[in-house]
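Listing of protein00.pdb; format and content: PDB, C-alpha atoms.
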ATOM      1  CA  MET Q   1     291.678 234.766 109.385  1.00  0.00           C
ATOM      2  CA  PHE Q   2     295.049 234.436 111.152  1.00  0.00           C
ATOM      3  CA  GLN Q   3     295.222 233.993 114.922  1.00  0.00           C
ATOM      4  CA  ASP Q   4     298.997 233.521 114.770  1.00  0.00           C
ATOM      5  CA  ILE Q   5     300.899 236.638 113.666  1.00  0.00           C
ATOM      6  CA  ASN Q   6     303.923 234.501 112.765  1.00  0.00           C
ATOM      7  CA  GLN Q   7     301.791 232.423 110.410  1.00  0.00           C
ATOM      8  CA  LEU Q   8     300.427 235.615 108.848  1.00  0.00           C
ATOM      9  CA  ASN Q   9     303.949 236.964 108.317  1.00  0.00           C
ATOM     10  CA  ASP Q  10     305.107 233.677 106.767  1.00  0.00           C
ATOM     11  CA  THR Q  11     302.141 233.653 104.386  1.00  0.00           C
ATOM     12  CA  LEU Q  12     302.674 237.277 103.344  1.00  0.00           C
ATOM     13  CA  GLU Q  13     306.378 236.667 102.750  1.00  0.00           C
ATOM     14  CA  ARG Q  14     305.596 233.578 100.669  1.00  0.00           C
ATOM     15  CA  VAL Q  15     303.222 235.512  98.382  1.00  0.00           C
ATOM     16  CA  LYS Q  16     305.488 238.589  98.476  1.00  0.00           C
ATOM     17  CA  LEU Q  17     303.037 241.011 100.092  1.00  0.00           C
ATOM     18  CA  PRO Q  18     304.072 243.548 102.742  1.00  0.00           C
ATOM     19  CA  MET Q  19     302.408 243.629 106.155  1.00  0.00           C
ATOM     20  CA  THR Q  20     300.505 246.565 107.634  1.00  0.00           C
ATOM     21  CA  LEU Q  21     300.702 246.510 111.411  1.00  0.00           C
ATOM     22  CA  ASP Q  22     297.961 248.162 113.441  1.00  0.00           C
ATOM     23  CA  ILE Q  23     299.565 248.228 116.872  1.00  0.00           C
ATOM     24  CA  GLY Q  24     296.307 249.057 118.671  1.00  0.00           C
ATOM     25  CA  HIS Q  25     294.473 246.139 117.080  1.00  0.00           C
ATOM     26  CA  ALA Q  26     297.380 243.791 117.771  1.00  0.00           C
ATOM     27  CA  TYR Q  27     297.512 244.895 121.407  1.00  0.00           C
ATOM     28  CA  THR Q  28     293.809 244.237 121.976  1.00  0.00           C
ATOM     29  CA  ALA Q  29     294.356 240.775 120.448  1.00  0.00           C
ATOM     30  CA  GLY Q  30     296.892 240.012 123.182  1.00  0.00           C
ATOM     31  CA  PHE Q  31     300.181 240.763 121.430  1.00  0.00           C
ATOM     32  CA  THR Q  32     302.841 242.846 123.176  1.00  0.00           C
ATOM     33  CA  VAL Q  33     305.390 245.168 121.598  1.00  0.00           C
ATOM     34  CA  ASP Q  34     307.914 242.310 121.882  1.00  0.00           C
ATOM     35  CA  ASP Q  35     305.775 240.237 119.474  1.00  0.00           C
ATOM     36  CA  LEU Q  36     305.316 242.813 116.744  1.00  0.00           C
ATOM     37  CA  TYR Q  37     308.530 243.318 114.767  1.00  0.00           C
ATOM     38  CA  PHE Q  38     308.789 241.605 111.374  1.00  0.00           C
ATOM     39  CA  ASP Q  39     310.990 242.624 108.438  1.00  0.00           C
ATOM     40  CA  ASN Q  40     307.874 242.330 106.275  1.00  0.00           C
ATOM     41  CA  ILE Q  41     306.163 245.337 107.960  1.00  0.00           C
ATOM     42  CA  LYS Q  42     306.117 248.318 105.629  1.00  0.00           C
ATOM     43  CA  HIS Q  43     303.303 250.367 107.145  1.00  0.00           C
ATOM     44  CA  ILE Q  44     302.285 250.918 110.775  1.00  0.00           C
ATOM     45  CA  HIS Q  45     299.052 252.391 112.139  1.00  0.00           C
ATOM     46  CA  ILE Q  46     299.862 253.582 115.623  1.00  0.00           C
ATOM     47  CA  HIS Q  47     297.509 254.537 118.438  1.00  0.00           C
ATOM     48  CA  ASP Q  48     297.148 253.735 122.134  1.00  0.00           C
ATOM     49  CA  ASN Q  49     294.475 251.838 124.073  1.00  0.00           C
ATOM     50  CA  ASP Q  50     293.778 250.067 127.360  1.00  0.00           C
ATOM     51  CA  GLY Q  51     294.497 246.578 125.991  1.00  0.00           C
ATOM     52  CA  LYS Q  52     290.793 245.679 125.952  1.00  0.00           C
ATOM     53  CA  HIS Q  53     289.116 248.244 123.701  1.00  0.00           C
ATOM     54  CA  ASP Q  54     290.408 249.628 120.412  1.00  0.00           C
ATOM     55  CA  SER Q  55     289.762 253.183 121.537  1.00  0.00           C
ATOM     56  CA  HIS Q  56     292.365 254.934 119.325  1.00  0.00           C
ATOM     57  CA  LEU Q  57     293.732 256.988 122.214  1.00  0.00           C
ATOM     58  CA  PRO Q  58     296.572 259.476 121.796  1.00  0.00           C
ATOM     59  CA  LEU Q  59     300.012 258.006 122.510  1.00  0.00           C
ATOM     60  CA  GLY Q  60     300.594 257.929 126.254  1.00  0.00           C
ATOM     61  CA  ASP Q  61     296.902 257.867 127.194  1.00  0.00           C
ATOM     62  CA  GLY Q  62     296.737 254.058 127.220  1.00  0.00           C
ATOM     63  CA  ILE Q  63     299.035 251.265 128.366  1.00  0.00           C
ATOM     64  CA  ILE Q  64     301.078 250.388 125.267  1.00  0.00           C
ATOM     65  CA  ASP Q  65     304.829 250.730 125.891  1.00  0.00           C
ATOM     66  CA  PHE Q  66     305.712 252.963 122.930  1.00  0.00           C
ATOM     67  CA  LYS Q  67     309.221 253.683 124.222  1.00  0.00           C
ATOM     68  CA  LYS Q  68     310.018 249.982 123.952  1.00  0.00           C
ATOM     69  CA  PHE Q  69     308.128 249.704 120.645  1.00  0.00           C
ATOM     70  CA  PHE Q  70     310.213 252.461 119.044  1.00  0.00           C
ATOM     71  CA  GLU Q  71     313.441 251.035 120.514  1.00  0.00           C
ATOM     72  CA  ILE Q  72     312.728 247.629 118.935  1.00  0.00           C
ATOM     73  CA  PHE Q  73     311.890 249.087 115.539  1.00  0.00           C
ATOM     74  CA  LYS Q  74     314.881 251.467 115.630  1.00  0.00           C
ATOM     75  CA  LYS Q  75     317.218 248.598 116.587  1.00  0.00           C
ATOM     76  CA  ASN Q  76     315.953 246.745 113.502  1.00  0.00           C
ATOM     77  CA  ASP Q  77     316.478 249.809 111.255  1.00  0.00           C
ATOM     78  CA  TYR Q  78     312.776 250.227 110.439  1.00  0.00           C
ATOM     79  CA  ASP Q  79     312.512 253.135 108.000  1.00  0.00           C
ATOM     80  CA  GLU Q  80     309.083 252.699 106.479  1.00  0.00           C
ATOM     81  CA  TYR Q  81     305.767 254.456 107.192  1.00  0.00           C
ATOM     82  CA  ILE Q  82     304.253 255.164 110.616  1.00  0.00           C
ATOM     83  CA  ILE Q  83     300.790 256.718 110.589  1.00  0.00           C
ATOM     84  CA  LEU Q  84     299.220 258.157 113.753  1.00  0.00           C
ATOM     85  CA  ASN Q  85     295.506 257.444 113.690  1.00  0.00           C
TER      86      ASN Q  85
END
Translate this structure into structure tokens?
Amino acid sequence: MFQDINQLNDTLERVKLPMTLDIGHAYTAGFTVDDLYFDNIKHIHIHDNDGKHDSHLPLGDGIIDFKKFFEIFKKNDYDEYIILN
């Protein structure tokens, strides 16, 4: 439905719905960890992959930069849910 994550975030904020971020899905859609922080995110599904296939790999077995991901979310005081799946 939304190809632009910024447009999705704006729509969810307008209708007052929180965002669930699936980092693996976002990464296979071409987003990087730099693109993924929004104040509207209240729930994160986290898993690794090769950037092409949503293979739900354990963290560190793919190419997603989780160190940077966690730094960005920590810097923004994220204190909501993170689910490993």
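Between atom CA of Leu17 of chain Q and atom CA of Lys67 of chain Q there is a distance of 27.9 Å.
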Practice prompt. Apply the PyMOL selection byres ((chain Q and resi 53-65) around 8) to the displayed file and report the matching residues as JSON, numbers by chain.
Written response: {"Q": [24, 25, 27, 28, 33, 47, 48, 49, 50, 51, 52, 66, 67, 68, 69, 85]}
Practice prompt. Return the single residue from Q:Ile44, Q:Leu12, Q:Ile82, Q:Ile72 that is closest to Thr32 of chain Q, with distances computed using all atoms listed in the file.
Written response: Q:Ile72
Worksheet item: Where does the PyMOL selection byres ((chain Q and resi 6-8) around 12) land in this file, that is, which residues does it pick, as a VMD selection string?
Response: chain Q and resid 1 to 5 9 to 21 31 35 to 41
Worksheet item: What is the distance, in Å and to one decimal place, between atom CA of Lys74 of chain Q and atom CA of Ala29 of chain Q?
Response: 23.6 Å
Item to complete: Rounded to one decimal place, report the atom CA of Leu84 of chain Q-atom CA of His45 of chain Q distance in Å.
Response: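 Straight-line distance from atom CA of Leu84 of chain Q to atom CA of His45 of chain Q works out to 6.0 Å.
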